[in-house]
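A.B. asks: So that we are looking at the same thing, I have put the structure below in structure tokens.
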Amino acid sequence: MAGTPYERAEWLETDGLGGFASGTVSGIRTRRYHALLCASRRPPVDRFVLVNGLYAWVDTPNGSFPITAHRFAPDQIHPDTAHSLSFFKSEPWPLWTWQLEDGTTLEAEVLVRHERPITVLSWRLTSQASGPVTLNVRPLLSGRDFHSLHHENPDFRFEAQQVNDRVVWHPYDSVPAIAAHATGRYTHAPDWYRRFLYSEERDRGLDCIEDLATPGYFSFDLTAGEAHLILEADTAGGFDPGTESAALRAAALRSAERRRRAQFPTRLHRAADSYLVRRGENGRTIIAGYPWFADWGRDTFIALRGLCLATGRRRLAGDILLSWTGSVSEGLLPNRFPDRGEPPEYNTVDASLWFVLAAHEYLNPQDRSAAPSNSETKALRSAIEAIIDGHVAGTRYGIHVDDDGHLFAGEPGSNLTWMDARVDAVPITPRWGKPVEIQALWLCALQAASQWTDRYAALLRRGRAAFAAKFYNAEGYLYDVIDVEGKAGAVDATLRPNQVLAAGGLPIELLSKEQARSVIDTVERHLWTPVGLRSLAPEETSYAPRYRGSPSERDAIYHQGAVWPWLIGPFVEGWVKTHGDDAEARRRARIVFLDPLLSHLDACGLGHLPEITDGEAPHAPRGCPFQAWSVGEALRLDEVVLVAPVTEAVSGTQ
């Protein structure tokens with residue numbers, strides 16, 4: 001079980017509030033974000049790492065045996081538990097099996113309760129050599145912002161309070177208190193454990209050394225029965241005192257979670273649930289990715305189609321969409337709500353257009369019995385018209401409609417599309433002008449609004465008529481940007497994947513069938529990989545095959561060859577439409593494109609799909625290991641795009 005692959009394979013447990021527990025299969029924490037209790041004080045933001053991990057060991061008549069491992073600076077694993085970790089599984093929650101040298105075997109598991117900042121840890125004997133077996137567990141605490149690192153300091157409060165049968169620690173006034181409810185005996189023994197090394201942070205060129213505090217340890221008699229340690233964050237002004245013992249409470253929490261998780265038909269459906277969280281008291285939103293993202297506008301609306309609409313969670317989709325309608329400003333929706341309550345950032349041209357697409361799909365379900373209410377329809381249509389009218393009038397960052405009906409976006413220093421990486425505040429791919437996917441989204445928005453108003457009919461006709469003539473080039477694919485930097489006729493012929501949105505990846509026809517087929521075939525030849533589309537063709541001079549280096553080096557190549565799994569959604573949708581648009585095309589696409597992608601569910605973030613991978617084989621996962629739009633687009637393919645039409649499915653069974 002030991003070794004590098006198991007350090008890279010990561011598990012995730014989320015609480016539906018923005019908090020989580022996460023780690024690696026090996027048990028060695030490799031990121032600053034790996035923790036057993038990370039809680040959100042203002043869901044889904046203002047997150048704190050409270051309990052980073054454990055130091056645990058087992059005492060038997062034959063000696064003392066560690067069952068946790070850590071990496072310390074300069075680069076040493078201690079204690080070495082590789083030989084005793086014999087089994088791991090991630091479903092329905094993470095479970096490890098340890099086979100100790102004297103023949104003692106035990107299991108350990110961890111789960112997070114949905115919509116409560118509670119982590120339940122349990123251990124049980126499955127076999128023993130002879131005599132009593134005692135488990136000892138030292139919680140390792142920090143109490144820090146989840147992006148930061150913690151270091152030894154005199155202000156950390158080790159004091160432990162006894163509240164009913166719980167031990168409560170409150171390391172700093174500015175962070176939530178922590179309660180530990182255990183079946184074992186607590187011994188107060190304050191200490192510092194120093195210089196933990198996080199290898200993923202080191203490899204990403206970031207600070208990577210941390211000190212953690214441990215107020216004491218718990219001892220459990222495993223021969224007397226299962227051991228439980230329940231960790232809880234005080235994010236709501238006090239702990240529920242309760243009357244249940246830790247054993248009964250752990251059993252109830254575990255039973256409730258088992259029932260809830262059993263309702264999801266596949267691992268991918270359950271993965272989707274991880275990203276659907278509360279915003280504030282009653283709102284709902286989508287976390288862009290774990291462990292470091294919050295909710296982003298663009299990511300929310302791209303992911304929502306798969307995470308919610310494709311899985312039948314229409315009520316939740318409506319709640320999310322309606323919660324964003326009040327944020328329309330000058331035709332734009334924010335791309336990001338900062339963690340600390342600063343003003344939202346209206347720095348994107350596509351977030352509002354993706355909103356229109358998602359709202360349009362919500363307003364027009366295939367099953368008309370699921371149609372939204374009149375009030376929902378009115379609110380969403382009003383938001384869509386406000387977005388379009390704002391763009392027509394002209395809005396921030398030079399965004400306006402040109403005479404050809406296309407949407408111009410950008411000004412010096414801006415980068416408004418999803419390819420928005422910067423180095424020292426300088427855009428790497430500014431795409432200032434008329435980006436190809438922005439036109440597809442814009443014309444799609446006009447088409448959607450034309451269902452109930454004719455105000456945009458002439459603009460839609462003008463934009464559609466000009467599209468192919470301006471974007472389709474002699475090489476058989478689409479320019480990435482035209483009228484570059486406002487220069488009429490200037491084009492960017494860089495071969496990128498954005499064009500698939502205009503070649504069948506969205507519900508609008510902008511090209512002839514022959515043109516669309518040529519675009520999709522070109523993308524397949526140069527950009528497709530088994531885990532998604534490259535962001536840049538290997539033949540381009542700026543192509544970077546591996547996503548590595550310091551933060552600035554990685555930002556410089558973020559969209560210069562890295563593979564993005566979310567792009568497989570619009571690509572496969574366009575591929576099916578241009579390869580017959582029938583049951584056979586869907587069957588082939590599932591085998592050729594979706595199945596290889598789903599085989600990566602165990603490659604990085606277990607049960608999930610990553611943000612990006614390297615551009616070249618073996619396409620090592622990079623970036624965020626648990627990404628909402630990657631999972632969402634895979635689900636949309638599985639549940640919608642690659643499901644044959646009913647008439648074809650029926651005829652195929654006769």
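Identifiers in this document derive from the order of the structure tokens: chains are assigned A, B, ..., residues are numbered from 1 separately in each chain, and ligands are numbered from 1 in order of occurrence.
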Please provide the set of residues having any atom within 7 Å of Val436 in chain A, restricted to only C-alpha atoms, with same-chain residues fewer than 2 positions apart removed, written as a compact mmCIF listing (two decimals) with N, CA and C atoms, in the first residue's frame.
C.D. replies:
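Final file, selection.txt:
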# COMPACT_ATOMS: atom_id res chain seq x y z
N LYS A 434 -12.75 39.67 -29.83
CA LYS A 434 -13.98 38.87 -29.93
C LYS A 434 -13.62 37.39 -29.85
N ILE A 438 -17.09 33.22 -26.66
CA ILE A 438 -17.94 34.30 -26.15
C ILE A 438 -19.04 34.61 -27.16
N GLN A 439 -18.70 34.56 -28.45
CA GLN A 439 -19.74 34.78 -29.47
C GLN A 439 -20.78 33.67 -29.43
N ALA A 440 -20.32 32.43 -29.27
CA ALA A 440 -21.27 31.32 -29.20
C ALA A 440 -22.20 31.47 -28.00
N TYR A 479 -10.88 30.60 -35.79
CA TYR A 479 -9.97 31.49 -35.10
C TYR A 479 -10.35 31.55 -33.62
N ASP A 480 -9.36 31.69 -32.77
CA ASP A 480 -9.65 31.78 -31.35
C ASP A 480 -10.19 33.16 -30.98
N VAL A 481 -9.67 34.20 -31.61
CA VAL A 481 -10.13 35.58 -31.39
C VAL A 481 -10.06 36.31 -32.72
N ASN A 498 -11.50 26.34 -27.34
CA ASN A 498 -12.69 27.16 -27.13
C ASN A 498 -13.70 27.05 -28.27
N GLN A 499 -13.21 26.73 -29.46
CA GLN A 499 -14.06 26.69 -30.64
C GLN A 499 -15.12 25.59 -30.59
A.B. asks: Hey, what's within 6 Å of range 130-139 of chain A if we count only C-alpha atoms and toss same-chain stuff fewer than 5 positions away? As a VMD selection string, please?
C.D. replies: chain A and resid 54 to 60 214 217 to 223
A.B. asks: Need to verify the contact set: Leu309 in chain A, 9 Å, only C-alpha atoms, exclusion of same-chain residues closer than 4 positions in sequence. Can you return it as a ChimeraX atom specification?
C.D. replies: /A:304-305,313-314,316-317,358,361-362,365,636
A.B. asks: Tell me, counting only C-alpha atoms, for each residue of range 115-196 of chain A within 10 Å of range 80-102 of chain A, which pair of atoms is nearest and how far apart they are in Å to one decimal, in rows ordered by chain and increasing number, as a tab-separated table.
C.D. replies:
residue	atom	partner	partner_atom	distance
A:Leu121	CA	A:Leu95	CA	10.0
A:Ser122	CA	A:Leu95	CA	9.4
A:Trp123	CA	A:Trp96	CA	9.4
A:Arg124	CA	A:Thr97	CA	9.7
A:Leu125	CA	A:Trp98	CA	9.6
A:Thr126	CA	A:Thr97	CA	9.1
A:Ser127	CA	A:Gln99	CA	9.1
A:Gln128	CA	A:Asp102	CA	8.1
A:Ala129	CA	A:Asp102	CA	6.3
A:Ser130	CA	A:Asp102	CA	9.0
A.B. asks: Hey, what does DSSP flag as helix (DSSP H, G or I) within range 427-546 of chain A? Can you give it to me as a ChimeraX atom specification?
C.D. replies: /A:436-449,457-471,484-486,497-502,513-526
A.B. asks: From the list A:Ala182, A:Leu598, A:Cys444, A:Ile209, which residue is nearest Arg195 in chain A when using only C-alpha atoms?
C.D. replies: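 Using only C-alpha atoms, the shortest distance to Arg195 in chain A belongs to A:Ile209.
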A.B. asks: Of the residues A:Arg396, A:His170, A:His360, A:Lys513, which is the one nearest to Gly331 in chain A, using only C-alpha atoms?
C.D. replies: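 When distances to Gly331 in chain A are compared using only C-alpha atoms, the smallest one comes from A:Arg396.
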A.B. asks: Check the DSSP output for the backbone and give back, as number ranges by chain, the residues of range 91-301 of chain A in strand (DSSP E).
C.D. replies: A: 95-99, 105-112, 118-127, 134-145, 160-163, 166-169, 178-182, 185-197, 209-221, 227-233, 276-279, 283-286, 289-290
A.B. asks: Pick out the closest residue to Glu109 in chain A from this set: A:Glu13, A:Glu342, A:Asp165, A:Asp299. Count only C-alpha atoms.
C.D. replies: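 Smallest separation from Glu109 in chain A among the options: A:Glu13.
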A.B. asks: Tell me, as a VMD selection string, which residues lie within 10 Å of Glu115 in chain A, counting only C-alpha atoms; anything in the same chain fewer than 2 positions away does not count.
C.D. replies: chain A and resid 14 to 19 112 to 113 117 to 118 277 to 278
A.B. asks: Between CA of Ala180 in chain A and CA of Val120 in chain A, what is the spacing in Å?
C.D. replies: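 Taking CA of Val120 in chain A and CA of Ala180 in chain A, their separation equals 9.9 Å.
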A.B. asks: Using only C-alpha atoms, can you tell me which of A:Asp521, A:Asp211, A:Asp638, A:Glu509 comes closest to Ala468 in chain A?
C.D. replies: A:Glu509
A.B. asks: Ranking A:Leu322, A:Ile399, A:Val523, A:Leu106 by minimum distance to Glu411 in chain A and counting only C-alpha atoms, which one comes first?
C.D. replies: A:Ile399
A.B. asks: Measuring atom to atom with only C-alpha atoms, identify which of A:Gly143, A:Pro427, A:Pro497, A:Gly413 is nearest to Leu533 in chain A.
C.D. replies: A:Pro497
A.B. asks: Rounded to one decimal, what separation in Å do you get between CA of Gly623 in chain A and CA of Arg336 in chain A?
C.D. replies: 18.5 Å
A.B. asks: List the neighbours of His600 in chain A out to 9 Å using only C-alpha atoms; skip same-chain residues closer than 4 positions along the sequence, and give me the result as a VMD selection string.
C.D. replies: chain A and resid 531 596 604 to 610
A.B. asks: Enter the distance from CA of Leu353 in chain A to CA of Glu611 in chain A, in Å, rounded to one decimal.
C.D. replies: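 Between these atoms lies a distance of 21.5 Å.
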A.B. asks: Hey, what's within 8 Å of Ala445 in chain A if we count only C-alpha atoms and toss same-chain stuff fewer than 6 positions away? As a VMD selection string, please?
C.D. replies: chain A and resid 353 356 to 357 384 388
A.B. asks: Just write the chosen residues, N, CA and C atoms, as a compact mmCIF listing (two decimals), in the first residue's frame.
C.D. replies:
# COMPACT_ATOMS: atom_id res chain seq x y z
N LEU A 353 -23.06 34.99 -19.18
CA LEU A 353 -23.56 34.26 -20.35
C LEU A 353 -23.77 32.78 -20.03
N VAL A 356 -27.05 32.56 -18.29
CA VAL A 356 -28.19 32.54 -19.20
C VAL A 356 -28.43 31.13 -19.73
N LEU A 357 -27.35 30.45 -20.12
CA LEU A 357 -27.49 29.09 -20.64
C LEU A 357 -28.09 28.16 -19.59
N ILE A 384 -32.14 37.55 -17.26
CA ILE A 384 -31.57 37.32 -18.59
C ILE A 384 -31.65 38.59 -19.43
N ILE A 388 -28.56 40.84 -21.06
CA ILE A 388 -28.44 41.17 -22.48
C ILE A 388 -28.47 42.68 -22.69
